[in-house]
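Listing of target_29.pdb; format and content: PDB, C-alpha atoms, pLDDT in the B column.
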```pdb
ATOM      1  CA  MET A   1      -7.691 -12.471   8.498  1.00 46.00           C
ATOM      2  CA  ARG A   2      -7.793 -13.033  12.258  1.00 43.00           C
ATOM      3  CA  LYS A   3      -8.903 -16.641  11.727  1.00 45.00           C
ATOM      4  CA  GLU A   4      -5.931 -17.212   9.401  1.00 45.00           C
ATOM      5  CA  ARG A   5      -3.513 -15.668  11.916  1.00 42.00           C
ATOM      6  CA  ARG A   6      -4.999 -17.748  14.745  1.00 38.00           C
ATOM      7  CA  ALA A   7      -4.766 -20.882  12.593  1.00 40.00           C
ATOM      8  CA  GLY A   8      -1.133 -20.032  11.871  1.00 40.00           C
ATOM      9  CA  LEU A   9      -0.390 -19.636  15.558  1.00 37.00           C
ATOM     10  CA  ILE A  10      -2.099 -22.937  16.333  1.00 39.00           C
ATOM     11  CA  LEU A  11      -0.115 -24.626  13.567  1.00 38.00           C
ATOM     12  CA  ALA A  12       3.143 -23.162  14.881  1.00 37.00           C
ATOM     13  CA  ALA A  13       2.326 -24.324  18.401  1.00 34.00           C
ATOM     14  CA  ALA A  14       1.531 -27.798  17.062  1.00 34.00           C
ATOM     15  CA  VAL A  15       4.832 -27.958  15.168  1.00 35.00           C
ATOM     16  CA  ILE A  16       6.719 -26.953  18.309  1.00 35.00           C
ATOM     17  CA  ALA A  17       4.789 -29.465  20.448  1.00 34.00           C
ATOM     18  CA  ILE A  18       5.344 -32.306  17.973  1.00 36.00           C
ATOM     19  CA  ALA A  19       9.038 -31.489  17.704  1.00 37.00           C
ATOM     20  CA  GLY A  20       9.304 -31.449  21.489  1.00 42.00           C
ATOM     21  CA  ALA A  21       7.470 -34.741  21.830  1.00 40.00           C
ATOM     22  CA  CYS A  22       9.712 -36.402  19.269  1.00 44.00           C
ATOM     23  CA  GLY A  23      12.862 -35.322  21.086  1.00 47.00           C
ATOM     24  CA  GLY A  24      16.196 -35.363  19.333  1.00 49.00           C
ATOM     25  CA  GLY A  25      17.071 -31.699  19.936  1.00 52.00           C
ATOM     26  CA  GLY A  26      15.147 -30.367  16.940  1.00 53.00           C
ATOM     27  CA  GLU A  27      12.899 -28.214  19.119  1.00 55.00           C
ATOM     28  CA  LYS A  28      14.864 -25.004  18.549  1.00 60.00           C
ATOM     29  CA  ALA A  29      15.007 -25.502  14.785  1.00 56.00           C
ATOM     30  CA  ALA A  30      11.287 -26.292  14.631  1.00 51.00           C
ATOM     31  CA  ALA A  31      10.457 -23.273  16.778  1.00 56.00           C
ATOM     32  CA  ASP A  32      12.675 -21.010  14.653  1.00 61.00           C
ATOM     33  CA  SER A  33      11.105 -22.343  11.448  1.00 54.00           C
ATOM     34  CA  ALA A  34       7.566 -21.857  12.760  1.00 55.00           C
ATOM     35  CA  ALA A  35       8.397 -18.340  14.005  1.00 58.00           C
ATOM     36  CA  ALA A  36       9.937 -17.433  10.643  1.00 54.00           C
ATOM     37  CA  ALA A  37       6.836 -18.664   8.822  1.00 53.00           C
ATOM     38  CA  LEU A  38       4.619 -16.513  11.019  1.00 61.00           C
ATOM     39  CA  ALA A  39       6.901 -13.480  10.756  1.00 63.00           C
ATOM     40  CA  ALA A  40       6.919 -13.516   6.949  1.00 69.00           C
ATOM     41  CA  PRO A  41       4.053 -11.345   5.755  1.00 80.00           C
ATOM     42  CA  ALA A  42       1.534 -13.126   3.586  1.00 94.00           C
ATOM     43  CA  ALA A  43       1.155 -11.892   0.020  1.00 96.00           C
ATOM     44  CA  LEU A  44      -1.636  -9.386  -0.476  1.00 97.00           C
ATOM     45  CA  PHE A  45      -3.316 -12.029  -2.654  1.00 98.00           C
ATOM     46  CA  ASP A  46      -3.630 -14.305   0.383  1.00 97.00           C
ATOM     47  CA  ARG A  47      -4.652 -11.508   2.733  1.00 97.00           C
ATOM     48  CA  LEU A  48      -7.431 -10.561   0.323  1.00 97.00           C
ATOM     49  CA  GLY A  49      -8.733 -14.126   0.495  1.00 97.00           C
ATOM     50  CA  GLY A  50      -7.317 -15.567  -2.723  1.00 97.00           C
ATOM     51  CA  ARG A  51      -8.785 -15.837  -6.203  1.00 97.00           C
ATOM     52  CA  GLY A  52     -12.353 -16.497  -5.046  1.00 98.00           C
ATOM     53  CA  ALA A  53     -12.428 -13.301  -3.019  1.00 98.00           C
ATOM     54  CA  ILE A  54     -10.951 -11.325  -5.919  1.00 98.00           C
ATOM     55  CA  VAL A  55     -13.612 -12.737  -8.272  1.00 98.00           C
ATOM     56  CA  SER A  56     -16.319 -11.596  -5.821  1.00 98.00           C
ATOM     57  CA  VAL A  57     -14.823  -8.112  -5.529  1.00 98.00           C
ATOM     58  CA  VAL A  58     -14.555  -7.800  -9.319  1.00 98.00           C
ATOM     59  CA  ASP A  59     -18.167  -8.957  -9.797  1.00 98.00           C
ATOM     60  CA  THR A  60     -19.364  -6.306  -7.335  1.00 98.00           C
ATOM     61  CA  PHE A  61     -17.069  -3.697  -8.884  1.00 98.00           C
ATOM     62  CA  VAL A  62     -18.418  -4.340 -12.394  1.00 97.00           C
ATOM     63  CA  ALA A  63     -21.984  -4.112 -11.054  1.00 97.00           C
ATOM     64  CA  ASN A  64     -21.090  -0.799  -9.369  1.00 97.00           C
ATOM     65  CA  VAL A  65     -19.673   0.534 -12.635  1.00 97.00           C
ATOM     66  CA  ALA A  66     -22.795  -0.600 -14.520  1.00 95.00           C
ATOM     67  CA  GLY A  67     -24.924   1.409 -12.106  1.00 96.00           C
ATOM     68  CA  ASP A  68     -22.686   4.498 -12.170  1.00 97.00           C
ATOM     69  CA  ALA A  69     -24.131   7.058 -14.587  1.00 97.00           C
ATOM     70  CA  ARG A  70     -20.836   8.964 -14.557  1.00 97.00           C
ATOM     71  CA  ILE A  71     -19.017   6.194 -16.432  1.00 96.00           C
ATOM     72  CA  ASN A  72     -21.305   3.300 -17.376  1.00 95.00           C
ATOM     73  CA  LYS A  73     -21.693   4.566 -20.945  1.00 95.00           C
ATOM     74  CA  ARG A  74     -17.978   3.900 -21.451  1.00 93.00           C
ATOM     75  CA  PHE A  75     -18.623   0.203 -20.794  1.00 93.00           C
ATOM     76  CA  ALA A  76     -21.857  -0.141 -22.797  1.00 93.00           C
ATOM     77  CA  ARG A  77     -20.298  -2.239 -25.579  1.00 92.00           C
ATOM     78  CA  VAL A  78     -18.705  -4.704 -23.155  1.00 93.00           C
ATOM     79  CA  ALA A  79     -21.767  -4.807 -20.894  1.00 92.00           C
ATOM     80  CA  GLY A  80     -23.995  -5.637 -23.855  1.00 93.00           C
ATOM     81  CA  ASP A  81     -21.968  -8.686 -24.878  1.00 95.00           C
ATOM     82  CA  ALA A  82     -21.932 -11.571 -22.375  1.00 96.00           C
ATOM     83  CA  ALA A  83     -18.729 -13.097 -23.790  1.00 97.00           C
ATOM     84  CA  ALA A  84     -16.903  -9.753 -23.804  1.00 96.00           C
ATOM     85  CA  LEU A  85     -18.080  -9.039 -20.253  1.00 96.00           C
ATOM     86  CA  SER A  86     -16.857 -12.427 -19.046  1.00 97.00           C
ATOM     87  CA  GLN A  87     -13.486 -11.873 -20.723  1.00 97.00           C
ATOM     88  CA  PHE A  88     -13.250  -8.351 -19.246  1.00 96.00           C
ATOM     89  CA  LYS A  89     -13.950  -9.645 -15.725  1.00 97.00           C
ATOM     90  CA  GLY A  90     -11.464 -12.480 -16.182  1.00 97.00           C
ATOM     91  CA  LYS A  91      -8.712 -10.096 -17.218  1.00 97.00           C
ATOM     92  CA  LEU A  92      -9.453  -7.831 -14.237  1.00 97.00           C
ATOM     93  CA  VAL A  93      -9.272 -10.811 -11.895  1.00 98.00           C
ATOM     94  CA  ASP A  94      -5.995 -11.985 -13.441  1.00 98.00           C
ATOM     95  CA  GLN A  95      -4.517  -8.496 -13.305  1.00 96.00           C
ATOM     96  CA  ILE A  96      -5.364  -8.034  -9.614  1.00 97.00           C
ATOM     97  CA  CYS A  97      -4.344 -11.603  -8.805  1.00 97.00           C
ATOM     98  CA  GLN A  98      -0.929 -11.204 -10.437  1.00 97.00           C
ATOM     99  CA  ALA A  99      -0.330  -7.715  -9.025  1.00 96.00           C
ATOM    100  CA  THR A 100      -1.041  -8.920  -5.489  1.00 97.00           C
ATOM    101  CA  GLY A 101       1.320 -11.882  -5.630  1.00 97.00           C
ATOM    102  CA  GLY A 102      -1.128 -14.573  -6.662  1.00 97.00           C
ATOM    103  CA  PRO A 103      -0.532 -17.420  -9.090  1.00 97.00           C
ATOM    104  CA  CYS A 104      -2.371 -15.791 -12.014  1.00 96.00           C
ATOM    105  CA  THR A 105      -0.872 -14.413 -15.199  1.00 97.00           C
ATOM    106  CA  TYR A 106      -2.379 -11.291 -16.721  1.00 97.00           C
ATOM    107  CA  THR A 107      -2.408 -11.662 -20.500  1.00 95.00           C
ATOM    108  CA  GLY A 108      -4.208  -8.464 -21.413  1.00 95.00           C
ATOM    109  CA  LEU A 109      -2.819  -5.342 -22.962  1.00 95.00           C
ATOM    110  CA  ASP A 110      -0.730  -2.895 -20.986  1.00 95.00           C
ATOM    111  CA  MET A 111      -2.851  -0.040 -19.617  1.00 94.00           C
ATOM    112  CA  LYS A 112      -1.567   2.587 -22.022  1.00 94.00           C
ATOM    113  CA  THR A 113      -2.428   0.477 -25.079  1.00 96.00           C
ATOM    114  CA  ALA A 114      -5.748  -0.746 -23.655  1.00 94.00           C
ATOM    115  CA  HIS A 115      -6.984   2.800 -23.018  1.00 94.00           C
ATOM    116  CA  GLN A 116      -5.487   4.496 -26.065  1.00 94.00           C
ATOM    117  CA  GLY A 117      -7.952   6.773 -27.834  1.00 93.00           C
ATOM    118  CA  MET A 118     -10.572   6.512 -25.080  1.00 93.00           C
ATOM    119  CA  ASN A 119      -9.969  10.101 -23.915  1.00 94.00           C
ATOM    120  CA  LEU A 120     -10.471   9.196 -20.266  1.00 96.00           C
ATOM    121  CA  THR A 121     -10.380  12.014 -17.745  1.00 96.00           C
ATOM    122  CA  ASP A 122      -9.330  12.250 -14.120  1.00 95.00           C
ATOM    123  CA  GLY A 123     -13.056  12.268 -13.302  1.00 96.00           C
ATOM    124  CA  ASP A 124     -13.553   8.953 -15.119  1.00 96.00           C
ATOM    125  CA  PHE A 125     -10.615   7.407 -13.275  1.00 96.00           C
ATOM    126  CA  ASP A 126     -11.814   8.756  -9.914  1.00 96.00           C
ATOM    127  CA  ALA A 127     -15.304   7.335 -10.524  1.00 97.00           C
ATOM    128  CA  LEU A 128     -13.785   3.895 -11.188  1.00 96.00           C
ATOM    129  CA  VAL A 129     -11.700   4.118  -8.018  1.00 96.00           C
ATOM    130  CA  GLU A 130     -14.802   5.088  -6.010  1.00 98.00           C
ATOM    131  CA  ASP A 131     -16.684   2.114  -7.464  1.00 98.00           C
ATOM    132  CA  LEU A 132     -13.782  -0.183  -6.568  1.00 97.00           C
ATOM    133  CA  VAL A 133     -13.629   1.188  -3.010  1.00 97.00           C
ATOM    134  CA  LYS A 134     -17.386   0.566  -2.637  1.00 98.00           C
ATOM    135  CA  SER A 135     -16.803  -3.007  -3.758  1.00 98.00           C
ATOM    136  CA  LEU A 136     -13.896  -3.508  -1.352  1.00 98.00           C
ATOM    137  CA  ASP A 137     -16.001  -2.045   1.467  1.00 98.00           C
ATOM    138  CA  ALA A 138     -18.944  -4.299   0.591  1.00 98.00           C
ATOM    139  CA  HIS A 139     -16.629  -7.289   0.942  1.00 98.00           C
ATOM    140  CA  LYS A 140     -15.198  -5.948   4.214  1.00 97.00           C
ATOM    141  CA  VAL A 141     -11.620  -5.772   2.964  1.00 98.00           C
ATOM    142  CA  PRO A 142      -9.530  -4.386   5.849  1.00 97.00           C
ATOM    143  CA  GLN A 143      -8.200  -0.842   5.448  1.00 97.00           C
ATOM    144  CA  ALA A 144      -4.525  -1.866   5.268  1.00 96.00           C
ATOM    145  CA  GLU A 145      -5.178  -4.311   2.417  1.00 97.00           C
ATOM    146  CA  LYS A 146      -7.455  -1.828   0.668  1.00 97.00           C
ATOM    147  CA  ASP A 147      -4.761   0.864   0.869  1.00 97.00           C
ATOM    148  CA  GLU A 148      -2.108  -1.539  -0.390  1.00 97.00           C
ATOM    149  CA  LEU A 149      -4.225  -2.597  -3.370  1.00 96.00           C
ATOM    150  CA  LEU A 150      -5.146   0.975  -4.269  1.00 96.00           C
ATOM    151  CA  GLY A 151      -1.475   1.907  -3.957  1.00 95.00           C
ATOM    152  CA  MET A 152      -0.642  -0.760  -6.541  1.00 93.00           C
ATOM    153  CA  LEU A 153      -3.359   0.354  -8.952  1.00 91.00           C
ATOM    154  CA  GLY A 154      -2.971   4.123  -8.507  1.00 90.00           C
ATOM    155  CA  PRO A 155       0.150   4.507 -10.667  1.00 94.00           C
ATOM    156  CA  MET A 156      -1.874   3.224 -13.628  1.00 94.00           C
ATOM    157  CA  ARG A 157      -3.618   6.617 -13.730  1.00 95.00           C
ATOM    158  CA  ALA A 158      -0.818   8.071 -15.859  1.00 95.00           C
ATOM    159  CA  ASP A 159      -1.388   5.423 -18.549  1.00 95.00           C
ATOM    160  CA  ILE A 160      -5.191   5.503 -18.407  1.00 95.00           C
ATOM    161  CA  VAL A 161      -6.022   9.218 -18.172  1.00 96.00           C
ATOM    162  CA  THR A 162      -5.261  10.827 -21.514  1.00 92.00           C
ATOM    163  CA  LYS A 163      -7.587  13.831 -21.563  1.00 89.00           C
ATOM    164  CA  LYS A 164      -7.066  16.716 -19.181  1.00 80.00           C
TER     165      LYS A 164
END
```
Show me the file's structure as structure tokens.
Amino acid sequence: MRKERRAGLILAAAVIAIAGACGGGGEKAAADSAAAALAAPAALFDRLGGRGAIVSVVDTFVANVAGDARINKRFARVAGDAAALSQFKGKLVDQICQATGGPCTYTGLDMKTAHQGMNLTDGDFDALVEDLVKSLDAHKVPQAEKDELLGMLGPMRADIVTKK
């Protein structure tokens, strides 16, 4: 994140310097354009590190779930089928990618339909969130980005938890 910000500042300085060297009175416009580009917040997708970083987080998350006795039995069918597991991970990546402003398109079911009849509890949902947080921490996702992502995913609870 800091490297990207520093690179952006260097790029902005270069644009301003090049505009100044070329003359022609475009310095102010170039400076304003560079400042606007730096002022615009990057999409969460970019701040997370893009698709590759999301794939890594999802891989760690799925491994955390597989090792979590509180909920791993709910994923036994998917975990036992390599093709189903790959498809499951791909849909998670696409869902997070799309939700965070990335170029992906999630083609899976809506959360209510996908979890219908599973009788998931608040405890199940909380265990998944804890496993995701462990994954985000393992990949050193900054707190602000972690909070933003969890804030996007949190409202799904109402569609996923069906058993009180």
(Q) Which residues, named as in the file, does the PyMOL selection byres ((chain A and resi 162) around 12) pick out? Answer as an MDAnalysis selection string. (A) chainID A and resid 111:125 156:161 163:164
Q: Name every residue that the PyMOL selection byres ((chain A and resi 129-134) around 9) selects in this structure, writing the answer as a list in words with chains first and numbers rising.
A: Val57, Val58, Thr60, Phe61, Val62, Ala63, Asn64, Val65, Asp68, Asp124, Phe125, Asp126, Ala127, Leu128, Ser135, Leu136, Asp137, Ala138, His139, Lys146, Leu150 and Gly154 of chain A
Q: Pick out the closest residue to Arg47 in chain A from this set: A:Cys104, A:Met152, A:Cys97, A:Leu92. Count all atoms listed in the file.
A: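 Ranking A:Cys104, A:Met152, A:Cys97, A:Leu92 by distance to Arg47 in chain A, first place goes to A:Cys97.
Atom to atom, CA of Leu153 in chain A and CA of Ala83 in chain A stand 25.2 Å apart.
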Q: Choose the residue, out of A:Val78, A:Tyr106, A:Pro41, A:Val141, that has the smallest atom-to-atom separation from Ser56 in chain A; count all atoms listed in the file.
A: A:Val141
Q.
For a test of reading the model, state the distance in Å between CA of Gln98 in chain A and CA of Ala42 in chain A, rounded to one decimal.
A.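 Atom-to-atom, CA of Gln98 in chain A to CA of Ala42 in chain A, that is 14.4 Å.
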Q.
Give me, as JSON, numbers by chain, all polymer residues having an atom no more than 10 Å from Ala43 in chain A, counting all atoms listed in the file and skipping those fewer than 6 positions away in the same chain.
A. {"A": [50, 100, 101, 102]}
